[in-house]
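Step one of this worksheet: look at the structure below.
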Amino acid sequence: MWLLNKFLTKIIKVGRLVITDYDGKVYEYGPGPEGMEHGSPMHIRLTNKKAANHIARYPAVGAGEAYMWGWLVVDEPYDIRDMVLYVAMNAKVKSHTTLGAKGPFRKAVQRTLAKIDSVNLRGKARKNAEHTYNLTRRLYELFLDEDRQYTMGYHRDLNDSLEKAQLDKKAHIAAKLNIKPGMKVLDIGCGWGGLALYLNRHYDCEVLGVALAEDQIAFCKERAKEAGVEDKVKFALMDYRDVQGEFDRISSVGLLEHVGTPHYPQFFQHTNRLLKPDGVMFSHCCGRAGPPGFTDAWTRKYIFPGGYIPSLSELVKESEKAGWQIMDVEGMRFHYSHTLEEWYNRTVMHKDEIVEMYDETFYRMWQFYLAGAEQSFRHGRLVNWQMLYVKDRAAIPMTRDYMYEESERLRESEEPPAWHLAQAAE
């Protein structure tokens, strides 16, 4: 416990944290509970004699695994999300950085391992996608919005429902793409098809959506058939590197995090070949508000194998090499933290069903994943980048007015779900 005690003594400067080790010994940190959410200290119990050492020695993995295995228990009225946000907030106060590997040697090792893991050749890329997205369909229905948007919502009003935030996100994206009726659109990493169907619904455009998770594509095809647009909105189980043809618009939402930095040159070169000379490519991805880094070991191991969140400098550098001109960049700062908070709440709401589908360990893993991601966007340096790439600067209007005007038109033309309106009136 001495190593963990040393670490917590150093960073806990706000609030009050009380830890009871497996042998009953109590350790207290922080000046007092003033300002804490429930007005009382946060109590944590370590139930295994290996827990403290595991957490302290392997900070990028240890806390998550200790919680997953039941070695770390957060007593009510707090829960694991409260603990993760509390520790992250204290770490930010202490050093203005987020938690991660400490020391130059450990950082170098983690960086090297993350670099190796980010090599996503075709076979590995499909396996990674299946690991992430081929979980039980019902799981995603339980914590995502009704359109299954597994990326950041656009929270124009924090009182809006998740469904409204995701609908506004699609309007925001569509407006930036500046689509005209009849255009051909390629949606790389199409998820469960929500954006592709939205674009066709509003612009009567042809859309090809591609992704690597078999169940996602099957679900997309079911949705297109049900909507009666399978002749205009098509989906294929395909690596984007195998797409051929020419498109007026290309969108990729939540894709670049899975491409891997070694493959950025190939991504930007191939998409450049696919886009017409006067076309526009839109990209939305999680990003770093700072220099390049590496994905933490816990996320690579349990959630997004092969994943990497890029810095803006990495995206700009590699796209310019392929001949792209970047015409618009928007940094979306705290939106994802609010989306992740709602995903977490919905996960907790459906605990019994998730445990029945999987088990307690999986449920706790999912909780820790969502809480950890939220703290990175709330207290850390993660953001979302939205970028427009063109070959010809004349491809988009002179000012950004067209984005605001079109997004407002789209929001007004498609009402939120009826239950959302009833909820807002309460």
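Ordered as shown in the structure tokens, chains take letters A, B, and onward, while each chain numbers its residues from 1 and ligands are numbered from 1 in the order shown.
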
Write out as CSV the residues of range 166-250 of chain A that have any atom within 12 Å of an atom of range 309-331 of chain A, one row each with the nearest atom pair and its distance in Å to one decimal, counting only C-alpha atoms, sorted by chain and then rising number.
```
residue,atom,partner,partner_atom,distance
A:His172,CA,A:Glu330,CA,11.3
A:Ile173,CA,A:Glu330,CA,11.3
A:Lys176,CA,A:Asp328,CA,9.2
A:Leu177,CA,A:Asp328,CA,11.1
```

Selected residues written out, C-alpha atoms, as a short mmCIF file (atom, residue, chain, number, x, y, z; two decimals), in the first residue's frame:
```cif
data_model
loop_
_atom_site.label_atom_id
_atom_site.label_comp_id
_atom_site.auth_asym_id
_atom_site.auth_seq_id
_atom_site.Cartn_x
_atom_site.Cartn_y
_atom_site.Cartn_z
CA HIS A 172 -24.14 19.98 -38.03
CA ILE A 173 -22.26 17.44 -40.15
CA LYS A 176 -20.73 21.27 -43.43
CA LEU A 177 -20.79 18.72 -46.26
#
```

For Val26 in chain A, work out the shell of residues within 12 Å, counting only C-alpha atoms and skipping chain neighbours fewer than 6 positions away, then give it as a VMD selection string. chain A and resid 1 5 17 to 20 43 to 46

Please save N, CA and C atoms of the selected residues as a CSV table (one decimal), in the first residue's frame.
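Result saved to part_1.csv:
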```
chain,number,residue,atom,x,y,z
A,1,MET,N,0.8,-1.2,0.0
A,1,MET,CA,0.0,0.0,0.0
A,1,MET,C,0.9,1.3,0.0
A,5,ASN,N,-0.2,4.8,-1.5
A,5,ASN,CA,-0.4,5.9,-0.5
A,5,ASN,C,0.5,7.1,-0.9
A,17,LEU,N,-10.9,11.7,0.5
A,17,LEU,CA,-10.9,10.3,0.1
A,17,LEU,C,-10.4,9.4,1.2
A,18,VAL,N,-11.2,8.4,1.5
A,18,VAL,CA,-10.9,7.4,2.5
A,18,VAL,C,-10.8,6.0,1.9
A,19,ILE,N,-9.6,5.4,2.1
A,19,ILE,CA,-9.4,4.1,1.5
A,19,ILE,C,-9.2,3.1,2.7
A,20,THR,N,-10.0,2.0,2.7
A,20,THR,CA,-9.8,0.9,3.6
A,20,THR,C,-9.2,-0.3,2.9
A,43,HIS,N,-15.6,6.9,0.1
A,43,HIS,CA,-15.0,5.7,0.7
A,43,HIS,C,-14.8,4.6,-0.4
A,44,ILE,N,-13.6,4.1,-0.4
A,44,ILE,CA,-13.2,3.1,-1.3
A,44,ILE,C,-12.6,1.9,-0.5
A,45,ARG,N,-13.0,0.7,-0.8
A,45,ARG,CA,-12.5,-0.5,-0.1
A,45,ARG,C,-11.7,-1.4,-1.1
A,46,LEU,N,-10.5,-1.8,-0.7
A,46,LEU,CA,-9.7,-2.7,-1.5
A,46,LEU,C,-9.8,-4.1,-0.9
```

Would you list the contacts of range 371-373 of chain A as a list in words, taking every protein, DNA or RNA residue within 7 Å and counting only C-alpha atoms, but skipping same-chain residues closer than 2 positions in sequence? Arg81, Val84, Tyr344, Gln367, Phe368, Tyr369, Gln375, Ser376 and Phe377 of chain A

Leaving out range 203-214 of chain A and any residue of its chain fewer than 5 positions from it, which residues lie within 8 Å of it when counting only C-alpha atoms, given as a ChimeraX atom specification? /A:125-126,129-130,133-134,179-191,193,196,232-240

Only N, CA and C atoms, please: the residues just picked out, written as a compact mmCIF listing (two decimals), in the first residue's frame.
```txt
# COMPACT_ATOMS: atom_id res chain seq x y z
N ALA A 125 -7.28 -5.17 -38.87
CA ALA A 125 -8.28 -4.11 -38.80
C ALA A 125 -9.67 -4.70 -38.65
N ARG A 126 -9.96 -5.78 -39.39
CA ARG A 126 -11.29 -6.39 -39.28
C ARG A 126 -11.49 -7.02 -37.91
N ALA A 129 -12.21 -4.29 -35.43
CA ALA A 129 -13.58 -3.78 -35.57
C ALA A 129 -14.58 -4.75 -34.98
N GLU A 130 -14.37 -6.03 -35.20
CA GLU A 130 -15.28 -7.03 -34.66
C GLU A 130 -15.22 -7.05 -33.13
N TYR A 133 -17.27 -3.74 -32.22
CA TYR A 133 -18.64 -3.48 -32.68
C TYR A 133 -19.53 -4.71 -32.84
N ASN A 134 -18.98 -5.90 -32.75
CA ASN A 134 -19.82 -7.09 -32.92
C ASN A 134 -20.32 -7.63 -31.59
N ILE A 179 -24.10 19.28 -49.30
CA ILE A 179 -24.53 18.30 -50.30
C ILE A 179 -25.66 18.86 -51.16
N LYS A 180 -25.64 18.49 -52.45
CA LYS A 180 -26.71 18.84 -53.37
C LYS A 180 -27.42 17.56 -53.79
N PRO A 181 -28.71 17.63 -54.09
CA PRO A 181 -29.46 16.44 -54.50
C PRO A 181 -28.78 15.71 -55.66
N GLY A 182 -28.77 14.40 -55.57
CA GLY A 182 -28.20 13.59 -56.64
C GLY A 182 -26.73 13.29 -56.50
N MET A 183 -26.07 13.90 -55.54
CA MET A 183 -24.64 13.64 -55.36
C MET A 183 -24.40 12.22 -54.86
N LYS A 184 -23.18 11.73 -55.11
CA LYS A 184 -22.76 10.43 -54.60
C LYS A 184 -21.86 10.65 -53.38
N VAL A 185 -22.22 10.00 -52.27
CA VAL A 185 -21.52 10.20 -51.00
C VAL A 185 -20.95 8.87 -50.54
N LEU A 186 -19.71 8.88 -50.07
CA LEU A 186 -19.08 7.72 -49.46
C LEU A 186 -18.98 7.97 -47.96
N ASP A 187 -19.56 7.07 -47.16
CA ASP A 187 -19.51 7.18 -45.70
C ASP A 187 -18.60 6.07 -45.19
N ILE A 188 -17.37 6.43 -44.83
CA ILE A 188 -16.37 5.44 -44.40
C ILE A 188 -16.52 5.23 -42.89
N GLY A 189 -16.66 3.97 -42.48
CA GLY A 189 -16.92 3.69 -41.08
C GLY A 189 -18.33 4.10 -40.74
N CYS A 190 -19.31 3.53 -41.44
CA CYS A 190 -20.70 4.03 -41.42
C CYS A 190 -21.46 3.66 -40.16
N GLY A 191 -20.85 2.90 -39.24
CA GLY A 191 -21.54 2.55 -38.01
C GLY A 191 -22.80 1.75 -38.27
N GLY A 193 -25.45 3.05 -39.68
CA GLY A 193 -26.15 3.61 -40.84
C GLY A 193 -26.93 4.88 -40.63
N ALA A 196 -25.82 7.95 -42.94
CA ALA A 196 -26.09 7.68 -44.35
C ALA A 196 -27.58 7.84 -44.66
N LYS A 232 -30.84 3.42 -53.08
CA LYS A 232 -30.07 4.67 -53.02
C LYS A 232 -29.04 4.67 -51.89
N VAL A 233 -29.31 3.92 -50.82
CA VAL A 233 -28.40 3.86 -49.68
C VAL A 233 -27.92 2.42 -49.54
N LYS A 234 -26.68 2.19 -49.91
CA LYS A 234 -26.13 0.84 -49.92
C LYS A 234 -25.00 0.71 -48.91
N PHE A 235 -24.86 -0.47 -48.38
CA PHE A 235 -23.84 -0.73 -47.37
C PHE A 235 -23.04 -1.96 -47.76
N ALA A 236 -21.74 -1.93 -47.47
CA ALA A 236 -20.87 -3.04 -47.83
C ALA A 236 -19.90 -3.35 -46.71
N LEU A 237 -19.71 -4.66 -46.47
CA LEU A 237 -18.69 -5.11 -45.52
C LEU A 237 -17.35 -5.03 -46.25
N MET A 238 -16.67 -3.93 -46.07
CA MET A 238 -15.51 -3.64 -46.91
C MET A 238 -14.53 -2.72 -46.19
N ASP A 239 -13.25 -2.99 -46.39
CA ASP A 239 -12.20 -2.08 -45.94
C ASP A 239 -12.20 -0.87 -46.86
N TYR A 240 -12.10 0.32 -46.28
CA TYR A 240 -12.13 1.54 -47.10
C TYR A 240 -11.04 1.52 -48.16
```

Among the residues of range 284-394 of chain A, find those DSSP assigns to strand (DSSP E or B) from the backbone and print them as a list of chain:residue names.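 Assigned to strand (DSSP E or B), within range 284-394 of chain A: A:His284, A:Cys285, A:Cys286, A:Gly287, A:Arg288, A:Ser311, A:Gln325, A:Ile326, A:Met327, A:Asp328, A:Val329, A:Glu330, A:Gly331, A:Met332, A:Leu382, A:Val383, A:Asn384, A:Trp385, A:Gln386, A:Met387, A:Leu388, A:Tyr389, A:Val390.
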
Counting only C-alpha atoms, figure out which residue out of A:Glu342, A:His270, A:Asp168, A:Leu388 gets nearest to Phe282 in chain A.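 For Phe282 in chain A, the nearest of the given residues is A:Leu388.
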
So what do you get for CA of Thr361 in chain A versus CA of Leu382 in chain A, distance-wise?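 It comes out at 26.8 Å.
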